[in-house]
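Participant: Structure file query37.tsv (TSV, C-alpha atoms) right here:
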```tsv
chain	number	residue	atom	x	y	z
A	1	MET	CA	44.68	-14.79	2.90
A	2	ILE	CA	45.43	-11.12	2.85
A	3	GLN	CA	41.79	-10.39	2.35
A	4	LEU	CA	40.81	-12.56	5.30
A	5	ILE	CA	43.26	-10.82	7.58
A	6	ILE	CA	42.15	-7.34	6.58
A	7	LEU	CA	38.43	-8.03	6.61
A	8	PRO	CA	37.83	-7.97	10.39
A	9	VAL	CA	39.48	-4.57	10.66
A	10	VAL	CA	37.29	-3.15	7.95
A	11	LEU	CA	34.19	-4.61	9.57
A	12	VAL	CA	34.98	-3.13	12.95
A	13	LEU	CA	35.36	0.28	11.39
A	14	ALA	CA	32.16	-0.10	9.41
A	15	ALA	CA	30.02	-1.50	12.20
A	16	PRO	CA	28.50	1.71	13.62
A	17	ALA	CA	27.38	2.95	10.21
A	18	ALA	CA	25.99	-0.44	9.22
A	19	GLY	CA	24.05	-0.70	12.46
A	20	ALA	CA	22.48	2.68	11.84
A	21	LEU	CA	21.10	1.36	8.57
A	22	GLY	CA	19.67	-1.72	10.22
A	23	VAL	CA	22.16	-3.95	8.45
A	24	GLN	CA	24.30	-6.12	10.60
A	25	ALA	CA	27.98	-6.34	9.80
A	26	PRO	CA	29.12	-9.92	9.31
A	27	ARG	CA	31.25	-11.46	11.95
A	28	ALA	CA	34.39	-12.86	10.39
A	29	THR	CA	37.35	-14.19	12.27
A	30	GLY	CA	39.74	-14.97	9.49
A	31	HIS	CA	39.32	-18.73	9.64
A	32	GLY	CA	36.67	-19.05	7.00
A	33	ILE	CA	33.39	-19.12	8.92
A	34	ILE	CA	31.16	-16.07	8.77
A	35	VAL	CA	27.92	-15.74	10.74
A	36	ARG	CA	25.97	-12.79	9.42
A	37	ASP	CA	22.57	-11.15	9.64
A	38	ALA	CA	21.69	-12.75	12.97
A	39	TRP	CA	18.29	-11.74	14.32
A	40	VAL	CA	15.86	-12.96	16.93
A	41	ARG	CA	12.17	-12.44	17.61
A	42	VAL	CA	11.00	-10.48	20.65
A	43	SER	CA	10.12	-12.29	23.85
A	44	THR	CA	7.96	-11.09	26.73
A	45	PRO	CA	7.85	-11.67	30.48
A	46	LEU	CA	5.33	-14.51	30.04
A	47	ARG	CA	6.42	-15.77	26.65
A	48	THR	CA	10.02	-16.72	27.37
A	49	SER	CA	10.76	-18.63	24.18
A	50	SER	CA	11.84	-17.25	20.83
A	51	SER	CA	13.59	-18.15	17.61
A	52	ALA	CA	16.78	-16.87	16.04
A	53	TYR	CA	18.00	-16.85	12.47
A	54	CYS	CA	21.20	-16.09	10.58
A	55	ARG	CA	23.27	-16.93	7.56
A	56	ILE	CA	26.43	-18.99	7.94
A	57	GLU	CA	29.06	-18.85	5.23
A	58	ASN	CA	31.95	-21.23	4.87
A	59	THR	CA	34.83	-19.96	2.75
A	60	THR	CA	37.06	-22.95	3.42
A	61	ASP	CA	37.72	-26.05	1.32
A	62	ALA	CA	36.13	-28.37	3.89
A	63	ALA	CA	32.59	-28.86	5.12
A	64	VAL	CA	31.98	-27.42	8.57
A	65	ALA	CA	29.11	-28.38	10.85
A	66	LEU	CA	27.34	-26.18	13.37
A	67	VAL	CA	27.06	-28.41	16.44
A	68	SER	CA	25.79	-26.17	19.21
A	69	VAL	CA	24.48	-22.72	19.96
A	70	THR	CA	24.17	-20.78	23.19
A	71	ALA	CA	22.55	-17.43	23.83
A	72	THR	CA	23.23	-15.20	26.78
A	73	GLY	CA	20.32	-15.30	29.20
A	74	ALA	CA	18.54	-18.20	27.50
A	75	GLY	CA	18.19	-21.50	29.32
A	76	ALA	CA	18.63	-23.46	26.12
A	77	ALA	CA	19.28	-22.93	22.42
A	78	GLU	CA	18.58	-25.78	20.02
A	79	ILE	CA	18.97	-26.13	16.28
A	80	HIS	CA	15.53	-27.02	14.93
A	81	THR	CA	14.01	-27.88	11.62
A	82	MET	CA	10.38	-28.02	10.60
A	83	ALA	CA	8.48	-30.88	9.01
A	84	ASP	CA	5.09	-31.06	7.33
A	85	ARG	CA	3.32	-34.37	7.97
A	86	ASP	CA	0.08	-34.27	6.03
A	87	GLY	CA	-0.60	-30.71	7.08
A	88	LEU	CA	0.46	-31.31	10.68
A	89	MET	CA	3.50	-29.14	11.30
A	90	SER	CA	6.16	-30.32	13.69
A	91	MET	CA	9.62	-29.25	14.75
A	92	HIS	CA	12.57	-31.45	15.48
A	93	PRO	CA	15.97	-30.80	17.04
A	94	LEU	CA	19.02	-31.42	14.90
A	95	ALA	CA	22.34	-32.59	16.35
A	96	LYS	CA	24.20	-30.59	13.72
A	97	VAL	CA	23.83	-28.84	10.40
A	98	THR	CA	26.54	-28.85	7.77
A	99	VAL	CA	27.74	-25.89	5.77
A	100	PRO	CA	29.31	-27.13	2.53
A	101	PRO	CA	32.77	-26.00	1.43
A	102	HIS	CA	32.59	-22.58	-0.18
A	103	GLY	CA	28.87	-22.61	0.55
A	104	ALA	CA	26.32	-21.07	2.83
A	105	LEU	CA	23.50	-22.14	5.07
A	106	ALA	CA	20.46	-19.99	5.76
A	107	LEU	CA	18.56	-20.35	9.01
A	108	GLU	CA	15.31	-18.62	8.15
A	109	PRO	CA	11.57	-18.59	8.98
A	110	GLY	CA	9.84	-21.74	7.83
A	111	GLY	CA	13.01	-23.79	7.87
A	112	MET	CA	15.92	-24.34	10.16
A	113	HIS	CA	16.15	-22.00	13.10
A	114	ILE	CA	17.52	-21.74	16.61
A	115	MET	CA	14.85	-22.25	19.25
A	116	LEU	CA	15.52	-20.34	22.46
A	117	THR	CA	13.77	-21.22	25.70
A	118	ASP	CA	13.70	-19.89	29.26
A	119	ILE	CA	14.87	-16.43	28.26
A	120	ALA	CA	15.57	-14.71	31.55
A	121	ARG	CA	14.97	-11.12	30.46
A	122	PRO	CA	12.53	-10.10	27.72
A	123	LEU	CA	14.12	-9.39	24.36
A	124	THR	CA	12.95	-5.98	23.28
A	125	ILE	CA	12.87	-4.61	19.75
A	126	GLY	CA	16.12	-2.94	18.80
A	127	ALA	CA	18.20	-4.59	21.51
A	128	THR	CA	20.74	-7.26	20.69
A	129	LEU	CA	21.33	-10.75	22.04
A	130	ALA	CA	24.80	-12.27	22.30
A	131	MET	CA	24.88	-15.71	20.68
A	132	GLN	CA	27.70	-18.20	20.39
A	133	PHE	CA	27.85	-20.64	17.46
A	134	THR	CA	30.20	-23.61	17.92
A	135	PHE	CA	31.42	-25.63	14.95
A	136	ASP	CA	32.86	-29.11	14.67
A	137	ASN	CA	36.28	-27.70	13.89
A	138	GLY	CA	36.39	-26.41	17.43
A	139	ARG	CA	35.76	-22.78	16.52
A	140	THR	CA	33.16	-20.66	18.26
A	141	GLU	CA	31.73	-17.52	16.70
A	142	THR	CA	30.05	-14.88	18.81
A	143	VAL	CA	27.51	-12.58	17.18
A	144	ARG	CA	24.96	-10.09	18.42
A	145	ALA	CA	21.51	-10.93	17.08
A	146	VAL	CA	19.22	-7.97	16.48
A	147	VAL	CA	15.83	-8.23	18.21
A	148	ARG	CA	13.01	-7.87	15.68
A	149	PRO	CA	9.18	-7.80	15.97
A	150	LEU	CA	7.34	-11.05	16.53
A	151	ASP	CA	6.03	-11.11	12.96
A	152	ALA	CA	9.28	-10.09	11.28
A	153	MET	CA	10.44	-12.28	8.42
A	154	SER	CA	14.04	-11.10	8.12
A	155	ILE	CA	16.62	-8.86	9.73
A	156	ARG	CA	15.50	-5.92	7.59
B	1	MET	CA	-3.59	-18.66	-8.12
B	2	LYS	CA	-6.84	-20.49	-8.32
B	3	CYS	CA	-8.03	-22.86	-5.67
B	4	CYS	CA	-7.42	-26.46	-6.47
B	5	GLY	CA	-11.06	-27.31	-6.98
B	6	VAL	CA	-11.01	-30.59	-5.05
B	7	PRO	CA	-14.63	-31.53	-4.35
B	8	ALA	CA	-15.49	-30.45	-0.84
B	9	VAL	CA	-16.71	-33.86	0.21
B	10	LEU	CA	-13.36	-35.29	-0.78
B	11	VAL	CA	-11.56	-32.49	1.04
B	12	VAL	CA	-13.51	-33.24	4.19
B	13	ALA	CA	-12.79	-36.93	3.83
B	14	LEU	CA	-9.11	-36.25	3.33
B	15	LEU	CA	-8.98	-34.08	6.38
B	16	LEU	CA	-10.90	-36.52	8.50
B	17	CYS	CA	-8.54	-39.34	7.62
B	18	GLY	CA	-5.55	-37.11	8.20
B	19	CYS	CA	-4.45	-37.29	4.59
B	20	SER	CA	-4.62	-33.60	3.74
B	21	ARG	CA	-1.59	-33.28	1.50
B	22	HIS	CA	-0.60	-30.02	-0.12
B	23	GLU	CA	-2.92	-30.53	-3.06
B	24	ALA	CA	-5.94	-30.63	-0.78
B	25	ALA	CA	-4.69	-28.17	1.81
B	26	ARG	CA	-6.04	-25.22	-0.05
B	27	SER	CA	-9.59	-25.31	-1.18
B	28	ASP	CA	-13.09	-24.01	-1.14
B	29	VAL	CA	-15.49	-25.42	1.41
B	30	SER	CA	-18.86	-26.09	-0.16
B	31	GLU	CA	-22.18	-25.50	1.50
B	32	ALA	CA	-22.76	-29.26	1.52
B	33	ALA	CA	-19.63	-29.79	3.59
B	34	ARG	CA	-20.33	-27.02	6.09
B	35	PRO	CA	-22.58	-28.82	8.53
B	36	SER	CA	-19.55	-30.85	9.56
B	37	PHE	CA	-16.80	-28.36	8.83
B	38	GLY	CA	-16.40	-25.06	10.67
B	39	GLY	CA	-19.15	-23.21	12.46
B	40	ASP	CA	-19.80	-21.23	15.62
B	41	PHE	CA	-18.01	-21.74	18.90
B	42	THR	CA	-17.46	-20.07	22.25
B	43	LEU	CA	-14.01	-19.63	23.79
B	44	THR	CA	-12.26	-17.14	26.10
B	45	ASN	CA	-10.41	-14.14	24.72
B	46	GLN	CA	-7.18	-12.51	25.89
B	47	ASN	CA	-9.16	-10.24	28.24
B	48	ASN	CA	-10.57	-13.31	29.96
B	49	GLU	CA	-14.01	-12.63	28.49
B	50	PRO	CA	-16.25	-15.10	26.69
B	51	PHE	CA	-15.95	-14.82	22.94
B	52	ARG	CA	-18.53	-16.23	20.54
B	53	LEU	CA	-17.81	-16.44	16.85
B	54	ASP	CA	-21.28	-15.13	16.12
B	55	GLN	CA	-20.25	-11.82	17.73
B	56	LEU	CA	-18.41	-11.20	14.47
B	57	ARG	CA	-21.46	-11.52	12.24
B	58	GLY	CA	-21.13	-9.03	9.43
B	59	ARG	CA	-17.33	-9.22	9.46
B	60	PRO	CA	-15.14	-11.76	7.65
B	61	ALA	CA	-12.55	-13.50	9.80
B	62	VAL	CA	-9.22	-15.26	9.45
B	63	LEU	CA	-8.70	-18.13	11.87
B	64	PHE	CA	-5.48	-19.93	12.73
B	65	PHE	CA	-4.70	-22.63	15.30
B	66	GLY	CA	-1.34	-22.23	17.03
B	67	TYR	CA	0.35	-21.67	20.37
B	68	THR	CA	2.29	-18.78	21.79
B	69	SER	CA	5.46	-20.77	22.51
B	70	CYS	CA	5.62	-21.83	18.85
B	71	PRO	CA	9.02	-20.44	17.90
B	72	ASP	CA	8.81	-20.25	14.16
B	73	MET	CA	5.74	-21.31	12.24
B	74	CYS	CA	3.07	-19.39	14.16
B	75	PRO	CA	4.86	-16.03	14.03
B	76	MET	CA	5.57	-16.65	10.35
B	77	THR	CA	1.93	-17.46	9.61
B	78	MET	CA	0.76	-14.39	11.50
B	79	SER	CA	3.25	-12.39	9.48
B	80	ARG	CA	1.70	-13.67	6.25
B	81	ILE	CA	-1.79	-12.86	7.48
B	82	ALA	CA	-0.64	-9.38	8.47
B	83	ALA	CA	0.95	-8.91	5.04
B	84	ALA	CA	-2.30	-9.96	3.35
B	85	LEU	CA	-4.35	-7.55	5.46
B	86	LYS	CA	-1.97	-4.74	4.60
B	87	LEU	CA	-2.41	-5.53	0.91
B	88	VAL	CA	-6.19	-5.30	1.35
B	89	GLY	CA	-5.68	-1.88	2.91
B	90	GLU	CA	-8.30	0.18	4.70
B	91	PRO	CA	-11.20	-2.30	4.17
B	92	ALA	CA	-9.18	-4.89	6.11
B	93	ARG	CA	-10.25	-3.11	9.29
B	94	GLN	CA	-13.48	-5.07	8.95
B	95	ILE	CA	-11.66	-8.38	9.04
B	96	ALA	CA	-11.12	-10.09	12.40
B	97	THR	CA	-8.01	-12.19	12.93
B	98	LEU	CA	-8.47	-15.06	15.38
B	99	PHE	CA	-5.61	-17.00	16.96
B	100	VAL	CA	-6.94	-20.13	18.67
B	101	SER	CA	-4.46	-21.70	21.06
B	102	VAL	CA	-3.97	-25.46	20.96
B	103	ASP	CA	-1.93	-25.19	24.15
B	104	PRO	CA	-4.50	-24.21	26.77
B	105	GLN	CA	-2.22	-25.43	29.57
B	106	ARG	CA	0.30	-22.63	29.00
B	107	ASP	CA	-1.73	-20.14	26.98
B	108	THR	CA	-3.75	-18.39	29.63
B	109	PRO	CA	-5.58	-15.19	28.69
B	110	ALA	CA	-2.69	-13.20	30.20
B	111	VAL	CA	-0.11	-14.99	28.05
B	112	LEU	CA	-2.31	-14.52	24.98
B	113	LYS	CA	-2.69	-10.84	25.75
B	114	GLU	CA	1.06	-10.30	25.66
B	115	TYR	CA	1.34	-12.42	22.54
B	116	VAL	CA	-1.33	-10.80	20.40
B	117	GLY	CA	-0.13	-7.39	21.52
B	118	SER	CA	3.22	-8.13	19.86
B	119	PHE	CA	1.76	-8.22	16.37
B	120	SER	CA	1.40	-5.30	14.03
B	121	ILE	CA	-2.28	-6.10	13.40
B	122	PRO	CA	-5.16	-6.46	15.86
B	123	VAL	CA	-5.51	-10.12	16.80
B	124	ILE	CA	-8.10	-11.80	19.00
B	125	GLY	CA	-6.36	-14.47	21.07
B	126	LEU	CA	-8.59	-17.35	22.13
B	127	THR	CA	-8.14	-20.10	24.66
B	128	GLY	CA	-10.36	-22.35	26.75
B	129	THR	CA	-10.46	-25.61	28.59
B	130	PRO	CA	-8.81	-28.57	26.90
B	131	ASP	CA	-12.27	-29.90	26.05
B	132	GLU	CA	-13.41	-26.60	24.57
B	133	ILE	CA	-10.28	-26.35	22.42
B	134	ALA	CA	-10.65	-29.95	21.30
B	135	ARG	CA	-14.23	-29.30	20.28
B	136	VAL	CA	-13.38	-26.26	18.18
B	137	ALA	CA	-10.42	-28.03	16.60
B	138	ALA	CA	-12.67	-30.95	15.70
B	139	GLN	CA	-15.19	-28.57	14.11
B	140	TYR	CA	-12.45	-27.25	11.86
B	141	HIS	CA	-10.83	-30.68	11.37
B	142	ALA	CA	-7.66	-29.35	12.95
B	143	SER	CA	-5.24	-31.72	14.61
B	144	TYR	CA	-2.73	-31.09	17.38
B	145	GLU	CA	-0.57	-33.18	19.65
B	146	VAL	CA	1.76	-32.30	22.49
B	147	VAL	CA	5.31	-33.57	22.10
B	148	PRO	CA	6.26	-34.51	25.65
B	149	THR	CA	9.69	-33.45	26.84
B	150	GLY	CA	9.25	-33.88	30.56
B	151	THR	CA	9.63	-30.12	30.98
B	152	THR	CA	7.43	-27.10	30.48
B	153	ASN	CA	9.25	-26.39	27.22
B	154	TYR	CA	7.30	-28.90	25.18
B	155	LEU	CA	6.37	-28.39	21.55
B	156	VAL	CA	2.93	-28.86	20.03
B	157	ASN	CA	2.51	-30.29	16.55
B	158	HIS	CA	-0.52	-28.71	14.94
B	159	THR	CA	-2.53	-28.13	11.82
B	160	SER	CA	-1.11	-25.23	9.90
B	161	ALA	CA	-4.04	-24.18	7.75
B	162	ILE	CA	-5.33	-20.61	7.56
B	163	PHE	CA	-9.14	-20.65	7.60
B	164	LEU	CA	-11.25	-17.91	6.03
B	165	ILE	CA	-14.73	-17.32	7.44
B	166	ASP	CA	-17.31	-15.15	5.73
B	167	ARG	CA	-19.60	-12.44	7.13
B	168	GLU	CA	-22.21	-15.07	7.99
B	169	GLY	CA	-19.78	-17.15	10.04
B	170	ARG	CA	-19.46	-19.81	7.35
B	171	LEU	CA	-16.12	-21.47	6.72
B	172	ARG	CA	-15.41	-20.67	3.09
B	173	GLN	CA	-11.82	-21.57	2.31
B	174	TYR	CA	-8.61	-22.70	3.85
B	175	PHE	CA	-5.03	-22.23	2.73
B	176	ARG	CA	-1.61	-23.51	3.59
B	177	PHE	CA	0.23	-21.51	6.24
B	178	ASP	CA	2.83	-20.45	3.68
B	179	GLU	CA	0.35	-19.21	1.11
B	180	LYS	CA	1.39	-16.02	-0.62
B	181	PRO	CA	-0.08	-12.91	1.00
B	182	GLU	CA	-1.30	-11.82	-2.43
B	183	THR	CA	-3.44	-14.96	-2.72
B	184	LEU	CA	-4.83	-14.53	0.78
B	185	ALA	CA	-5.55	-10.88	0.08
B	186	SER	CA	-7.45	-11.76	-3.07
B	187	ALA	CA	-9.62	-14.26	-1.18
B	188	LEU	CA	-10.25	-11.72	1.59
B	189	ARG	CA	-11.29	-9.07	-0.94
B	190	THR	CA	-13.86	-11.53	-2.27
B	191	LEU	CA	-15.30	-12.03	1.22
B	192	LEU	CA	-15.36	-8.28	1.78
B	193	SER	CA	-17.22	-7.74	-1.48
B	194	GLU	CA	-20.08	-9.93	-0.35
B	195	LYS	CA	-23.09	-8.39	1.32
B	196	SER	CA	-23.95	-9.61	4.78
```
Show this structure as structure tokens.
Facilitator:
Amino acid sequence: MIQLIILPVVLVLAAPAAGALGVQAPRATGHGIIVRDAWVRVSTPLRTSSSAYCRIENTTDAAVALVSVTATGAGAAEIHTMADRDGLMSMHPLAKVTVPPHGALALEPGGMHIMLTDIARPLTIGATLAMQFTFDNGRTETVRAVVRPLDAMSIR
Amino acid sequence: MKCCGVPAVLVVALLLCGCSRHEAARSDVSEAARPSFGGDFTLTNQNNEPFRLDQLRGRPAVLFFGYTSCPDMCPMTMSRIAAALKLVGEPARQIATLFVSVDPQRDTPAVLKEYVGSFSIPVIGLTGTPDEIARVAAQYHASYEVVPTGTTNYLVNHTSAIFLIDREGRLRQYFRFDEKPETLASALRTLLSEKS
């Protein structure tokens, strides 16, 4: 518990230096859910959709499910997964995704991701996008996703 | 890794019946199969100019079917292609990368221009009328289907293969979208080593 209380303070102090290295400081609130390494692909004036990724860690003894996501300036944000049907790739929305107790969930290219649509202002490389992740325990985490090139594969 | 060695006729049959599982989704395309698999086409590029595949004669090409609103798989595939070209190095300048839209309703030349300009490698974005796209997709045994949502934010399910075309415009191989860049690079080096 002591560690959880102290951690946010340390992260706030470390944030400027971490940002300079292109590494995003995890967002921890002291209640066991950490959303870290959030990033999003660029969008353009005509291509107003994008995809966002992150890692969600659950340090509690109970499973926690991500049930909704919003992103500032985006008309919609949906949790999606990808399926391969005989070489025909398709994406499907998910109502929720569960993070096991003392486990982690990676939203990453080629798998689960957050699909953003109707992005009002283009996301430019190096900028950040405020995103809110809401869990079934009622908690909402707000992170700033780093905007990366269209063909990026990770936050780094 | 070696190609799976599935006889080309079987590969074509598998693709035609929509049964192209992983095992068959990466293979050589034999000369016997080529009359009905791959070949020349004419579409419109991101500058709103006609583009004919035979304009590339003498240069190998990588071809991928996708759409610009594709949030995840298309950027990831383009990333793998870019990584493969970087592994090939300077000779990769000879290789053309073609992105054929399966969403001609939204992917106008202007949209494609913004899209291809966002990649770290030169990409030729291609679109056309729905009939023109359907014809090219059929040539390459590529499938696609719009998933209706009632809004303009629909998704498009589509074939994910990466097609490799040689200096003569012949379809030579295709790979899964998530093939390792090293494997793609090796296949591209082979095409580059061939005389035109």
Participant: For atom CA of Ala106 of chain A and atom CA of Tyr174 of chain B, quote the distance in Å rounded to one decimal.
Facilitator: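 These two atoms are separated by 29.3 Å.
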Participant: Between A:Pro101, A:Thr134, A:Thr117, A:Val146, which is the closest to Thr152 of chain B once you count all atoms listed in the file?
Facilitator: A:Thr117
Participant: Please check the contacts: residues of chain B at most 10 Å away from chain A, using all atoms listed in the file, listed as a PyMOL selection string.
Facilitator: chain B and resi 14-15+18-22+24-25+68-83+106-108+110-121+142-145+147+152-153+155-161+176-178
Participant: Measure the distance from atom CA of Glu179 of chain B to atom CA of Ala92 of chain B in Å and round it to one decimal.
Facilitator: 17.9 Å
Participant: Work out how far atom CA of Ile124 of chain B is from atom CA of Glu194 of chain B, in Å to one decimal.
Facilitator: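 Taking atom CA of Glu194 of chain B and atom CA of Ile124 of chain B, their separation equals 22.8 Å.
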Participant: Around all of segment 74-83 of chain A's listed atoms, make the axis-aligned box with 4 Å on each side and tell me centre and edge lengths in Å to one decimal, as lines of an AutoDock Vina configuration file.
Facilitator:
```
center_x = 13.9
center_y = -24.5
center_z = 19.2
size_x = 18.8
size_y = 20.7
size_z = 28.3
```
